[in-house]
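Okay, input-v2.csv now, which holds CSV, C-alpha atoms:
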```csv
chain,number,residue,atom,x,y,z
A,56,MET,CA,265.4,89.1,204.7
A,57,SER,CA,262.2,87.1,204.1
A,58,ARG,CA,259.3,87.0,201.7
A,59,ALA,CA,255.5,86.6,202.4
A,60,PHE,CA,252.7,85.2,200.3
A,61,LEU,CA,249.1,85.9,201.4
A,62,VAL,CA,246.6,83.7,199.4
A,63,VAL,CA,242.9,84.3,199.8
A,64,MET,CA,240.7,81.4,198.8
A,65,ASP,CA,237.6,83.5,198.2
A,66,SER,CA,234.6,82.3,200.2
A,67,VAL,CA,236.3,79.0,201.5
A,68,GLY,CA,234.7,79.3,205.0
A,69,ILE,CA,234.8,76.7,207.7
A,70,GLY,CA,231.7,77.6,209.8
A,71,GLY,CA,231.6,78.5,213.4
A,72,ALA,CA,231.4,82.4,213.2
A,73,PRO,CA,230.3,83.4,216.7
A,74,ASP,CA,228.0,86.1,215.3
A,75,ALA,CA,226.5,84.1,212.4
A,76,ASP,CA,223.0,84.6,213.9
A,77,ARG,CA,223.2,88.3,213.0
A,78,PHE,CA,223.7,87.6,209.2
A,79,PHE,CA,221.0,86.3,206.9
A,80,ASN,CA,220.2,84.7,203.5
A,81,GLY,CA,216.7,85.9,203.1
A,82,ASP,CA,215.0,85.1,206.4
A,83,ARG,CA,217.4,82.4,207.4
A,84,PRO,CA,220.3,83.2,209.7
A,85,ASP,CA,223.7,81.9,208.8
A,86,THR,CA,224.0,79.9,212.0
A,87,GLY,CA,225.3,76.5,211.0
A,88,ALA,CA,226.6,77.4,207.6
A,89,ASN,CA,229.9,75.7,206.9
A,90,THR,CA,231.2,75.8,203.3
A,91,VAL,CA,234.0,73.2,203.6
A,92,ALA,CA,232.3,70.8,205.9
A,93,HIS,CA,229.0,70.7,203.9
A,94,ILE,CA,230.9,70.2,200.6
A,95,ALA,CA,232.9,67.4,202.2
A,96,ARG,CA,229.7,65.8,203.5
A,97,ALA,CA,228.0,65.9,200.1
A,98,CYS,CA,231.1,64.4,198.4
A,99,ALA,CA,231.2,61.6,201.0
A,100,ALA,CA,227.6,60.8,200.4
A,101,GLY,CA,228.0,60.6,196.6
A,102,GLN,CA,226.0,63.8,196.1
A,103,ALA,CA,228.7,65.7,194.3
A,104,ASP,CA,229.9,63.3,191.6
A,105,GLN,CA,229.4,65.6,188.6
A,106,GLY,CA,232.8,65.9,187.0
A,107,ARG,CA,234.5,64.3,190.0
A,108,ASN,CA,233.9,61.3,192.2
A,109,GLY,CA,234.0,60.2,195.9
A,110,PRO,CA,235.1,61.9,199.1
A,111,LEU,CA,236.6,65.4,198.9
A,112,HIS,CA,240.3,65.0,198.1
A,113,LEU,CA,242.5,67.9,199.3
A,114,PRO,CA,245.7,66.3,200.5
A,115,ASN,CA,247.8,69.5,200.4
A,116,LEU,CA,245.4,71.8,202.2
A,117,ASP,CA,244.5,69.0,204.7
A,118,ALA,CA,248.2,68.4,205.4
A,119,LEU,CA,248.5,72.1,206.3
A,120,GLY,CA,245.6,71.7,208.7
A,121,LEU,CA,242.3,72.4,206.8
A,122,GLY,CA,240.4,69.5,208.4
A,123,ALA,CA,241.8,70.4,211.9
A,124,ALA,CA,240.8,74.0,211.3
A,125,VAL,CA,237.2,73.0,210.4
A,126,GLN,CA,237.0,71.0,213.6
A,127,LEU,CA,238.4,73.9,215.7
A,128,ALA,CA,236.2,76.5,214.1
A,129,SER,CA,232.9,74.7,214.2
A,130,GLY,CA,233.2,71.5,216.2
A,131,VAL,CA,232.3,69.6,213.0
A,132,ALA,CA,234.3,66.9,211.2
A,133,ALA,CA,234.7,67.3,207.5
A,134,PRO,CA,234.7,63.8,205.9
A,135,GLY,CA,237.9,63.0,204.1
A,136,LEU,CA,239.9,65.8,205.8
A,137,GLY,CA,241.5,64.0,208.8
A,138,ALA,CA,245.2,64.4,208.2
A,139,ALA,CA,247.6,65.2,211.1
A,140,PRO,CA,248.8,68.7,210.2
A,141,VAL,CA,252.4,69.4,209.2
A,142,GLY,CA,251.7,73.1,209.0
A,143,LEU,CA,250.7,75.8,211.5
A,144,TRP,CA,247.0,76.1,211.5
A,145,GLY,CA,244.1,77.9,213.1
A,146,ALA,CA,240.7,79.6,212.4
A,147,ALA,CA,240.1,83.3,212.1
A,148,SER,CA,237.0,85.4,213.0
A,149,GLU,CA,236.0,88.7,211.5
A,150,VAL,CA,234.7,91.7,213.4
A,151,SER,CA,233.8,94.0,210.5
A,152,PRO,CA,230.0,94.4,210.2
A,153,GLY,CA,229.8,92.7,206.8
A,154,LYS,CA,230.4,89.4,205.0
A,155,ASP,CA,231.6,90.9,201.8
A,156,THR,CA,234.8,91.0,199.8
A,157,PRO,CA,236.2,94.4,200.9
A,158,SER,CA,235.4,93.8,204.6
A,159,GLY,CA,237.2,90.5,204.7
A,160,HIS,CA,240.2,91.6,202.7
A,161,TRP,CA,240.7,94.9,204.5
A,162,GLU,CA,240.5,93.2,207.9
A,163,LEU,CA,243.0,90.5,206.7
A,164,ALA,CA,245.2,93.4,205.8
A,165,GLY,CA,244.9,94.9,209.3
A,166,VAL,CA,242.1,97.4,209.1
A,167,PRO,CA,238.6,96.4,210.2
A,168,VAL,CA,235.8,98.3,208.4
A,169,PRO,CA,234.7,101.2,210.7
A,170,TRP,CA,231.3,101.8,209.2
A,171,ASP,CA,228.1,99.9,208.1
A,172,TRP,CA,228.0,99.4,204.3
A,173,HIS,CA,224.9,100.6,202.4
A,174,TYR,CA,222.8,97.9,200.8
A,175,PHE,CA,220.1,98.5,198.2
A,176,PRO,CA,216.7,97.2,199.0
A,177,ASP,CA,215.4,94.1,197.1
A,178,SER,CA,212.6,96.1,195.6
A,179,ASP,CA,211.6,97.3,192.1
A,180,PRO,CA,213.1,99.9,191.6
A,181,ALA,CA,216.1,99.2,193.8
A,182,PHE,CA,217.9,102.6,193.4
A,183,PRO,CA,216.8,106.1,194.4
A,184,ALA,CA,215.5,108.1,191.5
A,185,ASP,CA,218.2,110.7,191.8
A,186,LEU,CA,220.9,108.0,191.6
A,187,ALA,CA,219.4,106.5,188.5
A,188,GLN,CA,219.1,109.9,186.9
A,189,ALA,CA,222.7,110.7,187.7
A,190,VAL,CA,224.0,107.5,186.2
A,191,ALA,CA,221.9,108.1,183.0
A,192,ARG,CA,223.3,111.6,182.7
A,193,ALA,CA,226.8,110.3,183.1
A,194,ALA,CA,226.1,107.7,180.4
A,195,GLY,CA,224.6,110.2,178.1
A,196,THR,CA,221.3,108.2,177.9
A,197,GLN,CA,217.7,109.0,178.7
A,198,GLY,CA,217.6,106.3,181.4
A,199,ILE,CA,218.9,103.0,182.7
A,200,LEU,CA,217.8,99.4,182.5
A,201,GLY,CA,217.5,96.9,185.3
A,202,ASN,CA,217.3,98.9,188.5
A,203,CYS,CA,216.9,95.8,190.5
A,204,HIS,CA,218.6,92.9,192.3
A,205,ALA,CA,219.7,90.2,189.8
A,206,SER,CA,222.3,87.7,188.9
A,207,GLY,CA,224.7,88.8,186.2
A,208,THR,CA,223.9,86.0,183.8
A,209,GLU,CA,220.1,86.2,184.3
A,210,ILE,CA,219.9,90.0,183.7
A,211,LEU,CA,222.0,89.8,180.5
A,212,ALA,CA,219.6,87.1,179.1
A,213,ARG,CA,216.6,89.3,180.1
A,214,LEU,CA,217.8,92.8,179.1
A,215,GLY,CA,220.8,92.3,176.7
A,216,ALA,CA,218.7,92.7,173.6
A,217,GLU,CA,216.9,95.8,175.0
A,218,HIS,CA,220.4,97.3,175.9
A,219,LEU,CA,221.5,96.9,172.3
A,220,LYS,CA,218.3,98.5,171.0
A,221,THR,CA,218.3,101.5,173.4
A,222,GLY,CA,221.9,101.9,174.3
A,223,TRP,CA,220.9,102.3,178.0
A,224,PRO,CA,223.3,100.7,180.6
A,225,ILE,CA,222.1,97.8,182.6
A,226,CYS,CA,222.3,98.6,186.3
A,227,TYR,CA,221.8,96.1,189.1
A,228,THR,CA,222.8,95.1,192.5
A,229,SER,CA,222.9,92.0,194.8
A,230,ALA,CA,223.0,91.1,198.5
A,231,ASP,CA,226.5,92.7,198.6
A,232,SER,CA,227.1,96.4,198.8
A,233,VAL,CA,227.6,96.9,195.1
A,234,PHE,CA,226.4,98.9,192.1
A,235,GLN,CA,227.0,96.9,188.9
A,236,ILE,CA,226.8,98.3,185.4
A,237,ALA,CA,226.7,96.0,182.4
A,238,ALA,CA,227.2,97.1,178.9
A,239,HIS,CA,228.1,95.6,175.5
A,240,GLU,CA,231.8,95.8,175.1
A,241,GLU,CA,231.5,96.6,171.4
A,242,ALA,CA,228.2,98.4,170.9
A,243,PHE,CA,228.4,100.5,174.1
A,244,GLY,CA,232.2,100.5,174.2
A,245,LEU,CA,234.5,99.1,176.9
A,246,ASP,CA,236.3,102.5,177.5
A,247,ARG,CA,232.9,104.2,177.7
A,248,LEU,CA,231.7,101.7,180.3
A,249,LEU,CA,234.9,102.1,182.4
A,250,THR,CA,234.7,105.8,182.2
A,251,LEU,CA,231.0,105.7,183.3
A,252,CYS,CA,231.9,103.5,186.3
A,253,ARG,CA,234.8,105.7,187.3
A,254,GLU,CA,232.7,108.9,187.1
A,255,VAL,CA,229.8,107.6,189.2
A,256,ALA,CA,231.9,105.8,191.8
A,257,PRO,CA,232.5,108.8,194.1
A,258,MET,CA,228.7,109.3,194.4
A,259,LEU,CA,228.2,105.6,195.3
A,260,HIS,CA,231.2,105.6,197.7
A,261,ALA,CA,229.8,108.7,199.5
A,262,MET,CA,226.7,106.5,200.2
A,263,LYS,CA,229.1,103.8,201.6
A,264,VAL,CA,228.4,101.5,198.7
A,265,GLY,CA,231.5,99.4,198.7
A,266,ARG,CA,232.1,98.8,194.9
A,267,VAL,CA,231.0,100.0,191.5
A,268,ILE,CA,231.6,97.1,189.2
A,269,ALA,CA,231.9,97.4,185.4
A,270,ARG,CA,230.5,94.2,183.8
A,271,PRO,CA,231.3,94.2,180.0
A,272,PHE,CA,229.7,91.5,177.8
A,273,ILE,CA,229.6,90.5,174.2
A,274,GLY,CA,227.2,88.5,172.1
A,275,THR,CA,223.9,88.8,170.2
A,276,PRO,CA,220.2,88.1,171.1
A,277,GLU,CA,220.4,85.1,168.7
A,278,ALA,CA,223.6,83.6,170.0
A,279,GLY,CA,223.3,84.7,173.6
A,280,PHE,CA,225.4,87.1,175.7
A,281,THR,CA,228.6,86.3,177.6
A,282,ARG,CA,230.5,88.4,180.2
A,283,THR,CA,234.1,89.1,179.3
A,284,ALA,CA,237.3,89.1,181.4
A,285,ASN,CA,237.4,92.9,181.4
A,286,ARG,CA,235.5,93.4,184.6
A,287,ARG,CA,236.8,96.3,186.7
A,288,ASP,CA,236.0,97.1,190.3
A,289,TYR,CA,236.0,100.7,191.6
A,290,ALA,CA,236.2,100.2,195.4
A,291,ILE,CA,236.2,102.6,198.3
A,292,ALA,CA,239.8,103.1,199.4
A,293,PRO,CA,240.6,101.7,202.8
A,294,PRO,CA,240.2,104.2,205.6
A,295,ALA,CA,243.8,103.8,207.0
A,296,PRO,CA,247.1,102.4,205.9
A,297,VAL,CA,247.0,98.6,205.4
A,298,LEU,CA,249.5,95.8,205.1
A,299,THR,CA,250.4,96.7,201.6
A,300,ASP,CA,251.3,100.2,202.7
A,301,TRP,CA,253.3,98.9,205.6
A,302,VAL,CA,255.4,96.7,203.3
A,303,GLN,CA,256.0,99.6,200.9
A,304,ALA,CA,256.9,102.0,203.7
A,305,ALA,CA,259.6,99.5,204.7
A,306,GLY,CA,261.0,99.4,201.2
A,307,GLY,CA,259.4,96.2,200.1
A,308,ARG,CA,257.5,95.6,196.9
A,309,VAL,CA,253.9,94.4,196.8
A,310,HIS,CA,252.7,92.1,194.0
A,311,ALA,CA,248.9,91.7,193.5
A,312,VAL,CA,247.4,88.7,191.9
A,313,GLY,CA,243.7,88.7,190.9
A,314,LYS,CA,241.2,91.1,192.4
A,315,ILE,CA,243.5,92.6,195.0
A,316,GLY,CA,244.3,95.7,193.1
A,317,ASP,CA,240.6,96.5,192.7
A,318,ILE,CA,239.8,95.7,196.3
A,319,PHE,CA,242.4,98.0,197.6
A,320,SER,CA,242.1,100.7,194.9
A,321,MET,CA,245.8,100.0,194.1
A,322,GLN,CA,246.7,101.4,197.6
A,323,GLY,CA,250.2,100.2,198.4
A,324,ILE,CA,250.5,97.9,195.3
A,325,ASP,CA,253.3,98.0,192.8
A,326,ASP,CA,252.0,95.7,190.1
A,327,VAL,CA,249.0,93.5,189.4
A,328,VAL,CA,248.1,90.5,187.2
A,329,LYS,CA,244.5,89.5,186.5
A,330,GLY,CA,242.8,86.6,184.7
A,331,PRO,CA,241.0,83.3,185.3
A,332,ASP,CA,242.1,81.4,188.4
A,333,ALA,CA,244.1,78.9,186.4
A,334,GLU,CA,246.2,81.7,185.0
A,335,LEU,CA,246.5,83.3,188.4
A,336,MET,CA,247.9,80.1,189.8
A,337,THR,CA,250.6,80.3,187.2
A,338,HIS,CA,251.4,83.8,188.2
A,339,LEU,CA,251.5,82.9,191.8
A,340,GLY,CA,254.0,80.1,191.0
A,341,ARG,CA,256.1,82.6,189.0
A,342,LEU,CA,256.2,85.0,191.9
A,343,VAL,CA,257.2,82.2,194.3
A,344,ASP,CA,260.2,81.7,191.9
A,345,THR,CA,261.0,85.4,191.3
A,346,ALA,CA,259.6,87.7,194.0
A,347,GLU,CA,262.2,89.9,195.8
A,348,GLU,CA,263.4,89.6,199.4
A,349,GLY,CA,261.2,91.7,201.7
A,350,SER,CA,258.2,91.5,199.3
A,351,LEU,CA,254.6,90.6,199.8
A,352,THR,CA,252.6,88.7,197.2
A,353,PHE,CA,248.8,89.1,197.9
A,354,ALA,CA,246.6,86.9,195.8
A,355,ASN,CA,242.8,86.3,195.5
A,356,PHE,CA,241.3,83.2,193.8
A,357,VAL,CA,237.7,84.2,193.2
A,358,GLU,CA,236.1,81.5,191.2
A,359,PHE,CA,235.1,79.4,194.3
A,360,ASP,CA,232.8,82.3,195.1
A,361,SER,CA,231.8,83.7,191.8
A,362,LEU,CA,231.2,80.5,189.8
A,363,TYR,CA,230.1,78.0,192.4
A,364,GLY,CA,229.2,79.5,195.8
A,365,HIS,CA,226.6,82.1,194.7
A,366,ARG,CA,225.2,79.6,192.2
A,367,ARG,CA,224.9,76.9,194.9
A,368,ASP,CA,226.8,74.4,192.9
A,369,ILE,CA,228.3,71.9,195.4
A,370,ALA,CA,229.9,69.7,192.8
A,371,GLY,CA,231.4,72.6,191.0
A,372,TYR,CA,232.8,74.0,194.2
A,373,ALA,CA,234.3,70.6,195.1
A,374,ARG,CA,236.0,70.4,191.7
A,375,ALA,CA,237.4,73.9,192.1
A,376,LEU,CA,238.8,73.0,195.6
A,377,GLU,CA,240.4,69.8,194.3
A,378,GLY,CA,241.9,71.7,191.3
A,379,PHE,CA,243.3,74.4,193.6
A,380,ASP,CA,244.7,71.8,195.9
A,381,ALA,CA,246.5,69.9,193.1
A,382,ALA,CA,247.9,73.2,191.7
A,383,ILE,CA,249.1,74.7,195.0
A,384,GLY,CA,251.0,71.5,196.1
A,385,PRO,CA,254.0,72.0,193.7
A,386,ILE,CA,254.0,75.7,194.6
A,387,LEU,CA,254.2,75.0,198.3
A,388,ARG,CA,257.2,72.7,197.6
A,389,ARG,CA,259.0,75.5,195.8
A,390,LEU,CA,258.9,77.9,198.8
A,391,ARG,CA,262.4,79.0,199.9
A,392,ALA,CA,263.9,78.8,203.3
A,393,GLY,CA,262.6,81.9,205.1
A,394,ASP,CA,259.4,82.2,203.1
A,395,LEU,CA,256.0,82.4,204.7
A,396,MET,CA,252.7,81.5,202.9
A,397,ILE,CA,249.3,81.9,204.6
A,398,LEU,CA,246.2,80.5,202.9
A,399,THR,CA,243.0,81.9,204.2
A,400,ALA,CA,239.5,83.2,203.2
A,401,ASP,CA,237.6,86.4,203.4
A,402,HIS,CA,234.1,85.0,204.2
A,403,GLY,CA,232.0,81.9,203.5
A,404,ASN,CA,229.6,81.0,200.6
A,405,ASP,CA,228.1,77.7,201.6
A,406,PRO,CA,226.8,76.1,198.3
A,407,SER,CA,224.4,73.9,200.3
A,408,TRP,CA,222.8,76.9,202.0
A,409,SER,CA,219.5,78.6,201.1
A,410,GLY,CA,219.6,81.9,199.1
A,411,THR,CA,222.6,83.1,197.0
A,412,ASP,CA,224.4,85.4,199.4
A,413,HIS,CA,227.7,84.9,201.2
A,414,THR,CA,227.6,83.1,204.6
A,415,ARG,CA,229.1,84.5,207.8
A,416,GLU,CA,231.8,81.9,208.8
A,417,ARG,CA,235.3,81.7,210.3
A,418,ALA,CA,238.2,81.4,207.8
A,419,PRO,CA,240.9,78.8,207.8
A,420,VAL,CA,244.4,80.0,208.5
A,421,LEU,CA,246.9,77.5,207.0
A,422,VAL,CA,250.6,78.5,207.3
A,423,ALA,CA,253.5,77.1,205.4
A,424,GLY,CA,257.1,77.9,206.3
A,425,ARG,CA,256.8,78.1,210.1
A,426,GLY,CA,256.7,74.5,211.2
A,427,ALA,CA,253.7,72.6,212.6
A,428,GLY,CA,251.4,73.6,215.4
A,429,GLU,CA,248.1,75.0,216.4
A,430,ALA,CA,247.6,78.8,216.2
A,431,GLY,CA,244.2,78.5,217.7
A,432,LEU,CA,241.3,80.8,217.3
A,433,VAL,CA,242.6,84.1,216.0
A,434,GLY,CA,241.3,87.3,214.4
A,435,PHE,CA,241.5,88.4,210.7
A,436,THR,CA,243.7,91.3,211.8
A,437,ASP,CA,246.1,88.8,213.3
A,438,VAL,CA,246.9,87.6,209.8
A,439,ALA,CA,248.3,91.0,208.9
A,440,ALA,CA,250.2,91.3,212.2
A,441,SER,CA,251.8,87.9,211.6
A,442,ILE,CA,253.0,88.8,208.1
A,443,ALA,CA,254.3,92.1,209.5
A,444,ASP,CA,256.1,90.1,212.2
A,445,HIS,CA,257.6,87.7,209.6
A,446,LEU,CA,258.8,90.6,207.4
A,447,GLY,CA,260.1,92.6,210.4
A,448,LEU,CA,257.8,95.6,209.8
A,449,SER,CA,257.3,98.2,212.5
A,450,GLU,CA,253.6,98.6,211.7
A,451,ARG,CA,251.4,95.7,212.9
A,452,GLY,CA,247.9,97.2,213.1
A,453,PRO,CA,245.5,96.1,215.9
A,454,GLY,CA,246.2,92.4,215.5
A,455,GLN,CA,248.6,90.1,217.3
A,456,SER,CA,251.1,87.8,215.6
A,457,PHE,CA,250.4,84.1,215.9
A,458,LEU,CA,253.8,83.1,214.6
```

Would you mind writing the file out in structure tokens?
Amino acid sequence: MSRAFLVVMDSVGIGGAPDADRFFNGDRPDTGANTVAHIARACAAGQADQGRNGPLHLPNLDALGLGAAVQLASGVAAPGLGAAPVGLWGAASEVSPGKDTPSGHWELAGVPVPWDWHYFPDSDPAFPADLAQAVARAAGTQGILGNCHASGTEILARLGAEHLKTGWPICYTSADSVFQIAAHEEAFGLDRLLTLCREVAPMLHAMKVGRVIARPFIGTPEAGFTRTANRRDYAIAPPAPVLTDWVQAAGGRVHAVGKIGDIFSMQGIDDVVKGPDAELMTHLGRLVDTAEEGSLTFANFVEFDSLYGHRRDIAGYARALEGFDAAIGPILRRLRAGDLMILTADHGNDPSWSGTDHTRERAPVLVAGRGAGEAGLVGFTDVAASIADHLGLSERGPGQSFL
């Protein structure tokens, strides 16, 4: 028997997506976006010394092959990442017609998205009148606030006080296929917010909007408003059995760490732990020590994306990468004989790029537990097929194992 650990470093792209010219931030195509390489260049040039210093320092990820994967994916060298790999490494391309979280994760789990997601226009209002009215009815209010594209922090500062005065939910979207509802955790009520999101989700899913996201917050107009950790995503269920289902069908357990339960609507998942990335790393380490034979641990570390990529914070992203690298090193060393750990990404989010959206990039594929070598240019679905190969599963999906 064996165990598998699939760790998604959310948005840690390495450039080189062959179809990047078809994806945009505003009017600018994503051609040339390269999250890791551009962060490494900024660090080497002394342009990312806030809270850290010098060249990008990722000894554990680089030893697995991160620098080599950047070079393979994009033909670009990432300063400071030049180690000779001791792991199996490659670069993966996505075929799903999106650069969002569900598309990337579903395809990594063996199922490319078979449809085009619906995106709301960047207009005022952003939502059709019948949708806004339906959400207000479900909330028991006379209307909604927002009805626009916005960042989560900005819209709370702008509309938090009006929300407390009127009781109307704050509804907004982004460049992703999402419908987000923010409400005060105490004044509006957390359970009421979660119920509202759950009730309107089927309507949004029928439109092929990927996620309805509950965004609870606390605070006052005088002291300011802060989002809490009680976010909940209501995502469209995958259209076919995915890696998690394959593992369960073979009698294995599936442990989710972070957003995985939300992304897959708990499909094929036995248990889930959530929290800030630092806590999630502790949970990942615990599962490396305790997970059962034949199990899959599927983890997502989102703060690269949510705290630094969208906000175009190069130094913050670099700090997060270095913190992740320092924490994953001891965990890698605790892997047992027969274990497989694959570290990868679901899309890019180049903090040096224009706009605030994700960037279409290849993802690194860094493999611990299967010796050293080059896996080459692979597909996202090949990640699922490789884990299935390692665990001896009969279902492999459309991908091919690179092990």

(message) Restricting the calculation to all atoms listed in the file: of A:Ala133, A:Ile386, A:Leu245, A:Val433, which residue gets closest to A:Gly70?
(response)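 Of A:Ala133, A:Ile386, A:Leu245, A:Val433, the one nearest A:Gly70 is A:Ala133, counting all atoms listed in the file.
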
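Proximity of A:Pro453, A:Pro276, A:Gly364, A:Gly384 to A:Trp408, computed with all atoms listed in the file, is greatest for A:Gly364.
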
(request) Work out how far atom CA of A:Leu339 is from atom CA of A:Val327, in Å to one decimal. (result)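 Rounded to one decimal, the two atoms are 11.2 Å apart.
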
(message) Between A:Thr283, A:Ser320, A:Thr221, A:Ser229, which residue has the minimum interatomic distance to A:Gly198, considering all atoms listed in the file?
(response) A:Thr221

(message) So, with all atoms listed in the file as the atoms that count, which of A:Val343, A:Ala305, A:Ile199, A:Ile369 lies closest to A:Pro385?
(response)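 Under the stated criterion, the closest residue is A:Val343.
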
Around the point (250.1, 103.9, 198.2) (coordinates from the file), which residues reach within 9 Å if we count all atoms listed in the file? Answer as a CSV table (one decimal) with C-alpha atoms, keeping the file's coordinate frame.
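What landed in out.csv:
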```csv
chain,number,residue,atom,x,y,z
A,296,PRO,CA,247.1,102.4,205.9
A,299,THR,CA,250.4,96.7,201.6
A,300,ASP,CA,251.3,100.2,202.7
A,303,GLN,CA,256.0,99.6,200.9
A,304,ALA,CA,256.9,102.0,203.7
A,321,MET,CA,245.8,100.0,194.1
A,322,GLN,CA,246.7,101.4,197.6
A,323,GLY,CA,250.2,100.2,198.4
A,324,ILE,CA,250.5,97.9,195.3
A,325,ASP,CA,253.3,98.0,192.8
```

(request) Excluding A:Ile383 and any residue of its chain fewer than 3 positions from it, enumerate the residues within 9 Å of it, using all atoms listed in the file, and give them as a list in words. (result)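 Answer for this query is Asn115, Leu116, Met336, Gly340, Gly378, Phe379, Asp380, Ile386, Leu387 and Arg388 of chain A.
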
(request) Using all atoms listed in the file, find the one residue out of A:Ile291, A:Leu61, A:Leu163, A:Cys98 that sits nearest to A:Val438. (result) A:Leu163

(request) Determine the nearest neighbour of A:Gly81 from the options A:His260, A:His338, A:Arg192, A:His413, counting all atoms listed in the file. (result) A:His413

(request) Find the distance between atom CA of A:Pro183 and atom CA of A:Val267 and write it in Å to one decimal. (result) 15.7 Å

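Excluding A:Glu254 and any residue on its chain fewer than 5 positions from it, the residues at most 10 Å away by all atoms listed in the file are A:Val190, A:Ala193, A:Ala194, A:Leu248, A:Leu249, A:Leu259, A:Tyr289.
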